[in-house]
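File shown: data21.cif (mmCIF, C-alpha atoms (C1' of nucleotides)).
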data_run
loop_
_atom_site.label_atom_id
_atom_site.label_comp_id
_atom_site.auth_asym_id
_atom_site.auth_seq_id
_atom_site.Cartn_x
_atom_site.Cartn_y
_atom_site.Cartn_z
CA MET A 1 0.49 -24.56 -10.16
CA VAL A 2 3.59 -22.50 -9.49
CA ASP A 3 2.61 -20.13 -12.29
CA GLN A 4 -0.97 -19.79 -11.07
CA LEU A 5 0.31 -18.99 -7.58
CA LEU A 6 2.66 -16.34 -8.95
CA ASP A 7 -0.13 -14.77 -11.00
CA ALA A 8 -2.46 -14.68 -8.02
CA ALA A 9 0.29 -13.39 -5.75
CA LEU A 10 0.99 -10.46 -8.07
CA ILE A 11 -2.65 -9.41 -8.09
CA GLU A 12 -3.08 -9.69 -4.33
CA PHE A 13 0.22 -8.06 -3.42
CA ALA A 14 -0.44 -5.24 -5.88
CA ALA A 15 -3.94 -4.65 -4.57
CA HIS A 16 -3.33 -4.88 -0.81
CA GLY A 17 0.43 -4.56 -0.26
CA TYR A 18 2.79 -7.11 1.20
CA ALA A 19 1.40 -6.95 4.73
CA GLY A 20 -2.21 -6.65 3.64
CA ALA A 21 -2.25 -9.58 1.24
CA SER A 22 -2.98 -12.96 2.83
CA THR A 23 -1.59 -16.28 1.66
CA ARG A 24 -5.05 -17.78 1.91
CA ALA A 25 -6.49 -15.21 -0.50
CA ILE A 26 -3.61 -15.83 -2.89
CA ALA A 27 -4.12 -19.58 -2.76
CA GLU A 28 -7.86 -19.29 -3.25
CA ARG A 29 -7.38 -17.02 -6.27
CA ALA A 30 -4.98 -19.58 -7.72
CA GLY A 31 -7.41 -22.44 -7.06
CA ALA A 32 -5.07 -23.99 -4.53
CA HIS A 33 -4.88 -24.56 -0.79
CA GLN A 34 -2.86 -22.35 1.50
CA PRO A 35 -0.12 -24.85 2.50
CA GLN A 36 0.86 -25.24 -1.13
CA ILE A 37 2.44 -21.80 -0.91
CA ASN A 38 4.86 -22.97 1.75
CA TYR A 39 5.47 -26.13 -0.24
CA HIS A 40 6.35 -24.53 -3.59
CA PHE A 41 7.98 -21.50 -1.94
CA ARG A 42 9.65 -21.40 1.41
CA SER A 43 7.65 -18.54 2.84
CA LYS A 44 5.40 -15.60 2.06
CA GLU A 45 8.46 -13.43 1.57
CA ALA A 46 10.03 -15.91 -0.87
CA LEU A 47 6.76 -15.96 -2.81
CA TRP A 48 6.81 -12.17 -2.98
CA GLN A 49 10.38 -12.15 -4.25
CA ALA A 50 9.65 -14.81 -6.87
CA ALA A 51 6.63 -12.86 -8.10
CA VAL A 52 8.61 -9.62 -8.33
CA ASP A 53 11.47 -11.41 -10.09
CA ARG A 54 9.11 -12.73 -12.73
CA LEU A 55 7.52 -9.32 -13.17
CA PHE A 56 10.86 -7.64 -13.86
CA ALA A 57 11.75 -10.45 -16.25
CA GLU A 58 8.56 -9.66 -18.16
CA LEU A 59 9.54 -6.01 -18.24
CA ASP A 60 12.97 -6.82 -19.62
CA ALA A 61 11.45 -9.08 -22.26
CA GLU A 62 9.12 -6.31 -23.40
CA LEU A 63 11.74 -3.58 -23.40
CA GLY A 64 14.34 -5.83 -25.03
CA ALA A 65 11.87 -6.71 -27.79
CA THR A 66 11.68 -3.05 -28.79
CA PRO A 67 11.95 -3.00 -32.59
CA GLU A 68 15.17 -1.14 -33.21
CA VAL A 69 15.04 0.35 -36.66
CA LEU A 70 18.53 0.07 -38.07
CA GLY A 71 20.23 3.39 -38.26
CA GLU A 72 17.49 5.03 -36.29
CA ASP A 73 18.71 8.10 -34.45
CA LEU A 74 19.30 8.16 -30.71
CA LEU A 75 16.09 10.03 -29.99
CA GLY A 76 14.11 7.55 -32.07
CA ARG A 77 15.52 4.68 -30.04
CA PHE A 78 14.71 6.45 -26.82
CA ALA A 79 11.19 7.13 -28.05
CA SER A 80 10.76 3.43 -28.77
CA PHE A 81 11.86 2.67 -25.24
CA VAL A 82 9.36 5.14 -23.80
CA ARG A 83 6.53 3.64 -25.87
CA ALA A 84 7.41 0.14 -24.70
CA PHE A 85 7.63 1.27 -21.09
CA VAL A 86 4.26 3.00 -21.13
CA GLY A 87 2.69 0.02 -22.87
CA PHE A 88 4.04 -2.40 -20.28
CA SER A 89 2.92 -0.16 -17.41
CA ALA A 90 -0.60 -0.16 -18.80
CA ARG A 91 -0.69 -3.91 -19.46
CA ARG A 92 0.96 -4.86 -16.19
CA PRO A 93 0.01 -2.24 -13.61
CA GLU A 94 1.05 -4.64 -10.85
CA LEU A 95 4.69 -3.63 -11.04
CA HIS A 96 4.21 0.01 -10.11
CA ARG A 97 1.44 -0.85 -7.69
CA ILE A 98 3.83 -3.04 -5.76
CA MET A 99 6.62 -0.49 -5.98
CA ASN A 100 4.38 2.29 -4.70
CA GLN A 101 3.17 0.09 -1.87
CA GLU A 102 6.68 -0.75 -0.74
CA SER A 103 8.26 2.67 -1.30
CA THR A 104 6.36 4.41 1.49
CA ALA A 105 8.69 3.15 4.24
CA ASP A 106 12.09 1.55 4.56
CA SER A 107 11.70 -2.21 4.71
CA PRO A 108 13.67 -5.35 3.87
CA GLN A 109 11.45 -5.76 0.79
CA LEU A 110 12.32 -2.29 -0.48
CA ALA A 111 16.05 -2.73 0.07
CA TRP A 112 15.93 -6.09 -1.72
CA VAL A 113 14.09 -4.86 -4.80
CA VAL A 114 16.16 -1.69 -5.04
CA SER A 115 19.54 -3.42 -4.99
CA ARG A 116 18.40 -6.32 -7.17
CA HIS A 117 16.19 -4.62 -9.77
CA ILE A 118 15.84 -0.86 -9.55
CA ALA A 119 19.38 0.41 -9.07
CA PRO A 120 20.84 -1.48 -12.07
CA ARG A 121 18.08 -0.16 -14.32
CA ILE A 122 18.65 3.39 -13.08
CA GLU A 123 22.25 2.96 -14.08
CA VAL A 124 21.35 1.84 -17.60
CA LEU A 125 18.84 4.66 -17.98
CA SER A 126 21.36 7.24 -16.80
CA VAL A 127 23.94 6.16 -19.34
CA ALA A 128 21.41 6.06 -22.17
CA TRP A 129 19.93 9.43 -21.26
CA SER A 130 23.35 11.08 -21.01
CA ALA A 131 24.15 9.86 -24.50
CA VAL A 132 20.91 11.24 -25.91
CA ARG A 133 21.33 14.51 -24.09
CA GLU A 134 24.91 15.04 -25.18
CA ALA A 135 23.72 14.58 -28.74
CA GLY A 136 21.55 17.61 -28.07
CA ALA A 137 18.37 15.81 -29.02
CA VAL A 138 16.48 16.26 -25.74
CA ALA A 139 15.80 18.61 -22.87
CA ASP A 140 18.26 19.52 -20.16
CA LEU A 141 17.03 17.17 -17.43
CA ASP A 142 19.03 14.97 -15.10
CA PRO A 143 18.40 11.24 -15.06
CA ALA A 144 16.50 11.50 -11.78
CA GLU A 145 13.99 13.89 -13.36
CA VAL A 146 13.63 11.65 -16.40
CA TRP A 147 12.99 8.72 -14.09
CA GLU A 148 10.40 10.71 -12.17
CA LEU A 149 8.57 11.72 -15.35
CA LEU A 150 8.60 8.16 -16.69
CA ILE A 151 7.16 6.77 -13.46
CA GLY A 152 4.92 9.68 -12.50
CA PHE A 153 3.32 10.42 -15.84
CA GLY A 154 3.94 7.17 -17.75
CA ALA A 155 3.10 4.57 -15.14
CA LEU A 156 1.30 6.04 -12.12
CA PRO A 157 -2.03 6.62 -13.92
CA TYR A 158 -2.17 2.89 -14.65
CA ALA A 159 -1.05 1.90 -11.17
CA ASN A 160 -3.87 4.04 -9.78
CA ALA A 161 -6.35 2.92 -12.41
CA PRO A 162 -9.22 2.34 -9.95
CA LEU A 163 -8.94 5.94 -8.75
CA ARG A 164 -8.52 7.28 -12.26
CA ARG A 165 -11.57 5.42 -13.50
CA GLN A 166 -13.73 6.85 -10.71
CA LEU A 167 -12.53 10.37 -11.52
CA PHE A 168 -12.37 10.45 -15.30
CA GLY A 169 -14.40 7.45 -16.42
CA PRO A 170 -13.28 4.68 -18.77
CA VAL A 171 -9.95 5.17 -20.50
CA ARG A 172 -9.79 6.13 -24.17
CA ALA A 173 -8.82 3.51 -26.71
CA ASP A 174 -5.71 5.43 -27.74
CA ASP A 175 -4.71 6.18 -24.18
CA VAL A 176 -1.32 4.46 -24.27
CA ASP A 177 -0.25 5.95 -27.61
CA ARG A 178 -1.40 9.40 -26.60
CA ARG A 179 0.41 9.23 -23.27
CA ALA A 180 3.62 7.93 -24.82
CA ALA A 181 3.59 10.71 -27.40
CA ARG A 182 3.05 13.36 -24.71
CA LEU A 183 5.86 11.88 -22.63
CA ILE A 184 8.28 11.81 -25.54
CA ALA A 185 7.45 15.40 -26.40
CA LEU A 186 7.94 16.35 -22.76
CA LEU A 187 11.37 14.73 -22.61
CA ALA A 188 12.41 16.11 -26.00
CA ALA A 189 11.28 19.71 -25.50
CA GLY A 190 11.63 19.93 -21.73
CA PRO A 191 10.15 22.51 -19.46
CA MET B 1 -4.75 12.49 23.02
CA VAL B 2 -7.07 12.59 20.02
CA ASP B 3 -4.51 14.65 18.12
CA GLN B 4 -1.63 12.33 19.01
CA LEU B 5 -3.68 9.36 17.83
CA LEU B 6 -4.45 11.10 14.53
CA ASP B 7 -0.79 11.97 14.01
CA ALA B 8 0.31 8.42 14.71
CA ALA B 9 -2.48 7.00 12.56
CA LEU B 10 -1.39 9.07 9.57
CA ILE B 11 2.19 7.83 9.82
CA GLU B 12 1.23 4.18 10.24
CA PHE B 13 -1.48 4.16 7.58
CA ALA B 14 0.83 5.95 5.14
CA ALA B 15 3.69 3.54 5.78
CA HIS B 16 1.81 0.23 5.79
CA GLY B 17 -1.58 0.83 4.20
CA TYR B 18 -5.00 0.51 5.81
CA ALA B 19 -4.91 -3.25 6.15
CA GLY B 20 -1.23 -3.42 7.09
CA ALA B 21 -1.36 -0.84 9.88
CA SER B 22 -2.34 -2.18 13.29
CA THR B 23 -4.24 -0.27 15.93
CA ARG B 24 -1.72 -1.39 18.54
CA ALA B 25 1.17 0.11 16.60
CA ILE B 26 -0.77 3.35 16.19
CA ALA B 27 -1.59 3.50 19.89
CA GLU B 28 2.01 2.76 20.90
CA ARG B 29 3.32 5.49 18.61
CA ALA B 30 0.85 7.91 20.20
CA GLY B 31 1.85 6.84 23.71
CA ALA B 32 -1.57 5.35 24.36
CA HIS B 33 -3.18 1.97 24.80
CA GLN B 34 -5.00 0.19 22.03
CA PRO B 35 -8.58 0.37 23.43
CA GLN B 36 -8.37 4.16 23.49
CA ILE B 37 -8.73 4.07 19.73
CA ASN B 38 -12.14 2.47 20.00
CA TYR B 39 -13.03 4.91 22.74
CA HIS B 40 -12.15 8.14 20.94
CA PHE B 41 -13.18 6.77 17.54
CA ARG B 42 -15.75 4.12 16.89
CA SER B 43 -13.54 1.80 14.90
CA LYS B 44 -10.33 1.50 12.91
CA GLU B 45 -12.18 2.68 9.83
CA ALA B 46 -13.54 5.75 11.63
CA LEU B 47 -10.01 6.56 12.79
CA TRP B 48 -8.78 6.31 9.21
CA GLN B 49 -11.52 8.63 7.98
CA ALA B 50 -10.84 11.17 10.71
CA ALA B 51 -7.12 11.15 9.92
CA VAL B 52 -7.77 11.63 6.21
CA ASP B 53 -10.28 14.39 6.91
CA ARG B 54 -7.73 16.29 8.97
CA LEU B 55 -5.08 15.81 6.29
CA PHE B 56 -7.27 17.32 3.59
CA ALA B 57 -8.15 20.17 5.94
CA GLU B 58 -4.42 20.88 6.28
CA LEU B 59 -4.12 20.84 2.50
CA ASP B 60 -6.95 23.33 2.13
CA ALA B 61 -5.43 25.58 4.77
CA GLU B 62 -2.10 25.61 2.96
CA LEU B 63 -3.57 26.15 -0.50
CA GLY B 64 -6.00 28.74 0.75
CA ALA B 65 -3.18 30.66 2.40
CA THR B 66 -1.51 31.13 -0.96
CA PRO B 67 -0.46 34.79 -1.10
CA GLU B 68 -2.51 36.20 -3.93
CA VAL B 69 -0.76 39.25 -5.28
CA LEU B 70 -3.49 41.72 -6.15
CA GLY B 71 -3.95 42.03 -9.86
CA GLU B 72 -1.62 39.12 -10.50
CA ASP B 73 -2.31 37.46 -13.81
CA LEU B 74 -4.08 34.12 -14.09
CA LEU B 75 -0.88 32.21 -14.77
CA GLY B 76 0.79 33.82 -11.77
CA ARG B 77 -2.04 32.69 -9.54
CA PHE B 78 -1.86 29.20 -10.94
CA ALA B 79 1.89 29.15 -10.39
CA SER B 80 1.36 30.10 -6.76
CA PHE B 81 -1.06 27.23 -6.41
CA VAL B 82 1.47 24.81 -7.91
CA ARG B 83 4.20 26.00 -5.54
CA ALA B 84 1.92 25.59 -2.54
CA PHE B 85 0.85 22.13 -3.68
CA VAL B 86 4.41 20.90 -4.17
CA GLY B 87 5.44 22.36 -0.84
CA PHE B 88 2.59 20.62 0.97
CA SER B 89 3.33 17.32 -0.76
CA ALA B 90 6.93 17.51 0.43
CA ARG B 91 6.05 18.51 3.98
CA ARG B 92 3.16 16.08 4.32
CA PRO B 93 3.96 13.03 2.17
CA GLU B 94 1.37 11.03 4.07
CA LEU B 95 -1.48 12.27 1.89
CA HIS B 96 -0.20 10.83 -1.36
CA ARG B 97 1.16 7.75 0.37
CA ILE B 98 -2.31 6.95 1.63
CA MET B 99 -3.90 7.77 -1.73
CA ASN B 100 -1.45 5.54 -3.59
CA GLN B 101 -2.03 2.73 -1.12
CA GLU B 102 -5.80 2.88 -1.51
CA SER B 103 -5.92 3.55 -5.26
CA THR B 104 -4.62 0.12 -6.28
CA ALA B 105 -7.99 -1.58 -5.90
CA ASP B 106 -11.64 -0.63 -5.52
CA SER B 107 -12.55 -0.49 -1.85
CA PRO B 108 -14.99 1.28 0.44
CA GLN B 109 -12.14 3.51 1.59
CA LEU B 110 -11.37 4.60 -1.97
CA ALA B 111 -14.99 5.33 -2.81
CA TRP B 112 -15.35 7.33 0.39
CA VAL B 113 -12.29 9.52 -0.13
CA VAL B 114 -13.05 10.05 -3.83
CA SER B 115 -16.60 11.27 -3.31
CA ARG B 116 -15.78 13.28 -0.21
CA HIS B 117 -12.42 14.85 -1.06
CA ILE B 118 -10.97 14.11 -4.48
CA ALA B 119 -13.87 14.64 -6.87
CA PRO B 120 -14.75 18.13 -5.56
CA ARG B 121 -11.13 19.24 -5.87
CA ILE B 122 -10.92 17.84 -9.39
CA GLU B 123 -13.92 19.98 -10.20
CA VAL B 124 -12.29 23.13 -8.85
CA LEU B 125 -9.05 22.37 -10.65
CA SER B 126 -10.85 21.79 -13.94
CA VAL B 127 -12.63 25.12 -13.79
CA ALA B 128 -9.48 26.98 -12.83
CA TRP B 129 -7.40 25.29 -15.51
CA SER B 130 -9.97 25.94 -18.20
CA ALA B 131 -9.93 29.64 -17.32
CA VAL B 132 -6.13 29.78 -17.53
CA ARG B 133 -6.09 27.84 -20.75
CA GLU B 134 -8.73 29.96 -22.45
CA ALA B 135 -6.61 32.98 -21.62
CA GLY B 136 -3.96 31.31 -23.74
CA ALA B 137 -1.39 31.39 -20.97
CA VAL B 138 -0.66 27.66 -20.76
CA ALA B 139 -0.29 24.47 -22.75
CA ASP B 140 -3.09 22.59 -24.44
CA LEU B 141 -3.66 19.91 -21.83
CA ASP B 142 -6.92 18.60 -20.45
CA PRO B 143 -7.55 18.77 -16.71
CA ALA B 144 -6.88 15.05 -16.34
CA GLU B 145 -3.38 15.47 -17.72
CA VAL B 146 -2.75 18.47 -15.49
CA TRP B 147 -3.88 16.42 -12.52
CA GLU B 148 -1.58 13.57 -13.52
CA LEU B 149 1.42 15.86 -13.85
CA LEU B 150 0.71 17.52 -10.52
CA ILE B 151 0.47 14.19 -8.72
CA GLY B 152 3.05 12.23 -10.71
CA PHE B 153 5.80 14.82 -10.86
CA GLY B 154 4.88 17.17 -8.02
CA ALA B 155 3.92 14.72 -5.28
CA LEU B 156 4.96 11.14 -6.07
CA PRO B 157 8.70 11.72 -5.49
CA TYR B 158 7.89 12.77 -1.93
CA ALA B 159 5.42 9.97 -1.38
CA ASN B 160 8.13 7.52 -2.44
CA ALA B 161 10.86 9.33 -0.54
CA PRO B 162 12.39 6.15 0.96
CA LEU B 163 12.88 4.72 -2.53
CA ARG B 164 14.10 8.01 -3.92
CA ARG B 165 16.66 8.41 -1.13
CA GLN B 166 18.07 4.94 -1.76
CA LEU B 167 18.40 5.69 -5.47
CA PHE B 168 19.56 9.30 -5.60
CA GLY B 169 20.79 10.04 -2.08
CA PRO B 170 19.69 12.92 0.15
CA VAL B 171 17.49 15.55 -1.42
CA ARG B 172 18.88 18.94 -2.38
CA ALA B 173 18.06 21.95 -0.24
CA ASP B 174 16.25 23.69 -3.09
CA ASP B 175 14.39 20.56 -4.15
CA VAL B 176 10.86 21.93 -3.66
CA ASP B 177 11.52 25.24 -5.42
CA ARG B 178 13.30 23.54 -8.28
CA ARG B 179 10.51 21.01 -8.73
CA ALA B 180 7.78 23.63 -8.60
CA ALA B 181 9.56 25.73 -11.20
CA ARG B 182 9.97 22.74 -13.51
CA LEU B 183 6.32 21.83 -13.08
CA ILE B 184 5.13 25.34 -13.80
CA ALA B 185 7.28 25.49 -16.92
CA LEU B 186 5.94 22.11 -17.98
CA LEU B 187 2.33 23.25 -17.61
CA ALA B 188 2.98 26.60 -19.25
CA ALA B 189 4.95 25.37 -22.26
CA GLY B 190 3.45 21.92 -22.59
CA PRO B 191 4.82 19.02 -24.54
"C1'" DT C 1 4.04 -55.64 -8.10
"C1'" DC C 2 6.46 -52.79 -5.30
"C1'" DA C 3 9.22 -48.76 -4.13
"C1'" DT C 4 10.09 -44.13 -4.56
"C1'" DA C 5 9.60 -39.25 -5.36
"C1'" DG C 6 6.67 -35.44 -6.01
"C1'" DT C 7 2.44 -33.16 -4.89
"C1'" DC C 8 -1.72 -32.25 -2.41
"C1'" DT C 9 -4.95 -32.32 1.72
"C1'" DG C 10 -6.81 -31.54 6.32
"C1'" DA C 11 -5.79 -30.36 10.99
"C1'" DT C 12 -3.57 -27.54 14.03
"C1'" DC C 13 -0.04 -24.46 16.12
"C1'" DG C 14 1.30 -19.92 18.35
"C1'" DA C 15 1.10 -15.12 17.39
"C1'" DG C 16 -1.24 -11.08 16.23
"C1'" DT C 17 -5.68 -8.73 14.84
"C1'" DG C 18 -9.87 -5.41 16.03
"C1'" DA C 19 -13.23 -5.00 19.37
"C1'" DT C 20 -15.61 -5.21 23.92
"C1'" DA C 21 -16.54 -5.35 28.89
"C1'" DA C 22 -15.48 -4.45 33.65
"C1'" DC C 23 -13.15 -1.63 36.66
"C1'" DG C 24 -10.52 2.54 38.55
"C1'" DG C 25 -9.57 7.21 39.16
"C1'" DA C 26 -9.89 12.13 38.51
"C1'" DA C 27 -12.62 16.35 38.08
"C1'" DG C 28 -16.66 19.10 38.36
"C1'" DA C 29 -21.63 20.03 39.85
"C1'" DG C 30 -25.22 19.76 43.06
"C1'" DC D 1 -19.85 14.61 50.67
"C1'" DT D 2 -21.94 12.40 46.98
"C1'" DC D 3 -23.16 11.71 42.39
"C1'" DT D 4 -22.04 11.93 37.66
"C1'" DT D 5 -19.26 12.21 33.66
"C1'" DC D 6 -15.12 11.57 31.25
"C1'" DC D 7 -11.00 9.07 30.39
"C1'" DG D 8 -7.65 5.52 30.96
"C1'" DT D 9 -6.33 0.59 32.17
"C1'" DT D 10 -6.46 -4.37 32.28
"C1'" DA D 11 -8.18 -8.59 30.71
"C1'" DT D 12 -10.17 -11.13 27.32
"C1'" DC D 13 -13.11 -12.21 23.36
"C1'" DA D 14 -13.49 -14.45 18.55
"C1'" DC D 15 -11.02 -14.31 14.45
"C1'" DT D 16 -7.29 -14.40 11.04
"C1'" DC D 17 -2.53 -14.74 10.15
"C1'" DG D 18 1.79 -17.57 8.36
"C1'" DA D 19 3.70 -21.86 9.12
"C1'" DT D 20 4.15 -26.86 10.11
"C1'" DC D 21 3.05 -31.71 10.21
"C1'" DA D 22 1.31 -36.37 9.23
"C1'" DG D 23 -0.94 -38.77 6.04
"C1'" DA D 24 -3.09 -39.54 1.30
"C1'" DC D 25 -2.84 -39.47 -3.57
"C1'" DT D 26 -0.47 -39.94 -8.15
"C1'" DA D 27 2.88 -41.18 -11.44
"C1'" DT D 28 7.10 -43.10 -12.84
"C1'" DG D 29 10.41 -46.80 -13.15
"C1'" DA D 30 12.68 -50.94 -11.59
#

Could you spell out this file's structure in C-alpha cells?
Amino acid sequence: MVDQLLDAALIEFAAHGYAGASTRAIAERAGAHQPQINYHFRSKEALWQAAVDRLFAELDAELGATPEVLGEDLLGRFASFVRAFVGFSARRPELHRIMNQESTADSPQLAWVVSRHIAPRIEVLSVAWSAVREAGAVADLDPAEVWELLIGFGALPYANAPLRRQLFGPVRADDVDRRAARLIALLAAGP
Amino acid sequence: MVDQLLDAALIEFAAHGYAGASTRAIAERAGAHQPQINYHFRSKEALWQAAVDRLFAELDAELGATPEVLGEDLLGRFASFVRAFVGFSARRPELHRIMNQESTADSPQLAWVVSRHIAPRIEVLSVAWSAVREAGAVADLDPAEVWELLIGFGALPYANAPLRRQLFGPVRADDVDRRAARLIALLAAGP
DNA sequence: TCATAGTCTGATCGAGTGATAACGGAAGAG
DNA sequence: CTCTTCCGTTATCACTCGATCAGACTATGA
C-alpha cells in the first residue's frame, strides 16, 4: 500500500502541484482511504518528500545503469549519460513536473529538494563537464548552460507533454532518440 | 483597482498555480477585500483568464515594438524577435510560470489558453521560421524544435528563477543579452 | 485460546476555500 | 433634494482541506 500511495502521490503532485493536490485524491487513486496517508506517512509534506526521494532514486538507478563501454572516450560517456537522462525524463515526466511546479517561488519544499537532491547532482555534473571540456571534445559552455539545455530541451517537452500534444499532435516513435542526438550535437558543437 | 487585482493575480497564480492560489491572498496583495474579485470579475476562473489575456497583450506589445531595421535581412529580423522574447521572459517570468503550471495535465484552463493564445502564435512562428529556413540562413530544425529551444533555453531559466538563484547565485548583469546571443547562434548554426 | 502488533475504517475536528447577499457611502444626473 | 448607479465592506454560506481519534479487523506467536 505504501508503494501505491507513492505512485499516486507522484501523479497528483506532478499534475496539480503540492498545494493543489489533495490527500483524498491521492488516496482514491491508490485505492485507499485518506487517513491511511497520515498513518503510513506523518503528514502530506512527509508523503511529498518520500515520493520525491523515490523518484530521485529511480533517476540514479537509470543513470547509474548506463552501459559504459570500456575504453570509451569521455564524449562517448557523456553522450550515454545524455541519452539516459532524456529517456528517463520521457518515461518519468513527474520529476520535472514537480520541479517546475516548486521552482516558481521560494518555499520550504524547494529549499529541501535543492539541498538534498539538486545541488549535489549539479556538483557532479560540473566536474564531469569540466573534464570533457578540458579534453576539448565539446563546446565552450559553463555547467549552468549545460544544465539549462539538459532541462530545457531534454526534459521540459516531456514535462509539458499535455501542452505539446495539443500543439504538435502525438509524439513520434523515435522522439527520445532524436532528441538525445540533437542534444548531444548541441553540446558537442555549441552555439 | 482592476489593474491592481490583475497584477496581484498574476504573481499569485504564477507562484502557486491556479488551484494553489487563493482569492484572499490575491485580494490582500492588491490591497482589496476578497469579494471585490467576484464583483470586478465573475469568478476566480474569469480573473485567471483576464490576467492571462493581459499578459499575452503585453507580450504582443513588446514583440511588436521590435525595432525593424529597414532592409534588414531575414535572419536579422528573427534575431531581433529572439532578443525581444528573451527580454520579455526575463522581465515577466509570470507567463511561463503559469504555462508550466497548467501544462502538466489536461484541464479547461490549458485548452482555453492553447486555443486562444498559444496555437495562433505557433502558427505565426512556423511561417516565419520556414521563410528564414528556406532562405538558408539558419539550421535545419522544424518549428516544434525551434519552439522548444525558445521556451526551454530562452524562458525556462527565468520561470524557475528561485531554483536557479539557489543553484548558481545572483544572475549576471548581461544575462539576457548573453542568453539571447547564445540562442540566436544555436538557431543559426544548429546542432 | 488468548494476547499482541500492525493495518484499516468511519466519524469528526478546526481552518481555509470560492461565492453570495445585505448594507453603506460616494458621486453624478434630473 | 432626491434618485440612481457604482463600488466597497461585513457577514455568512456550503464545501473541501489536512489531521486526529476510537474502534474494528487481521495475522502471528505464545

- Leaving out Glu94 of chain A and any residue of its chain fewer than 3 positions from it, which residues lie within 8 Å of it when counting only C-alpha atoms (C1' of nucleotides), given as number ranges by chain? A: 10-11, 14, 97-98, 159

_Neighbouring residues of Ala27 of chain B were defined as those with any atom within 9 Å, considering only C-alpha atoms (C1' of nucleotides); residues of the same chain fewer than 4 positions away were excluded. Please report them as an MDAnalysis selection string._
chainID B and resid 4:5 8:9 22:23 31:37

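Counting from atom CA of Leu125 of chain B, the distance to atom CA of Ala144 of chain B is 9.5 Å.
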
Taking all atoms listed in the file into account, report as number ranges by chain which residues of chain D lie within 10 Å of chain A. D: 16-20

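The residue set within 12 Å of DC23 of chain C, counting only C-alpha atoms (C1' of nucleotides) and dropping same-chain residues fewer than 3 places from it, reads DG8, DT9, DT10 and DA11 of chain D.
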
On this structure, the PyMOL selection byres ((chain C and resi 2) around 12) would catch which residues? List them as JSON, numbers by chain, sorted by chain and number.
{"C": [1, 3, 4], "D": [29, 30]}

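Of note, atom CA of Ala25 of chain B and atom CA of Val114 of chain B are spaced 26.8 Å apart.
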
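Note that atom CA of Phe85 of chain B and atom CA of Asp106 of chain A are 24.9 Å apart.
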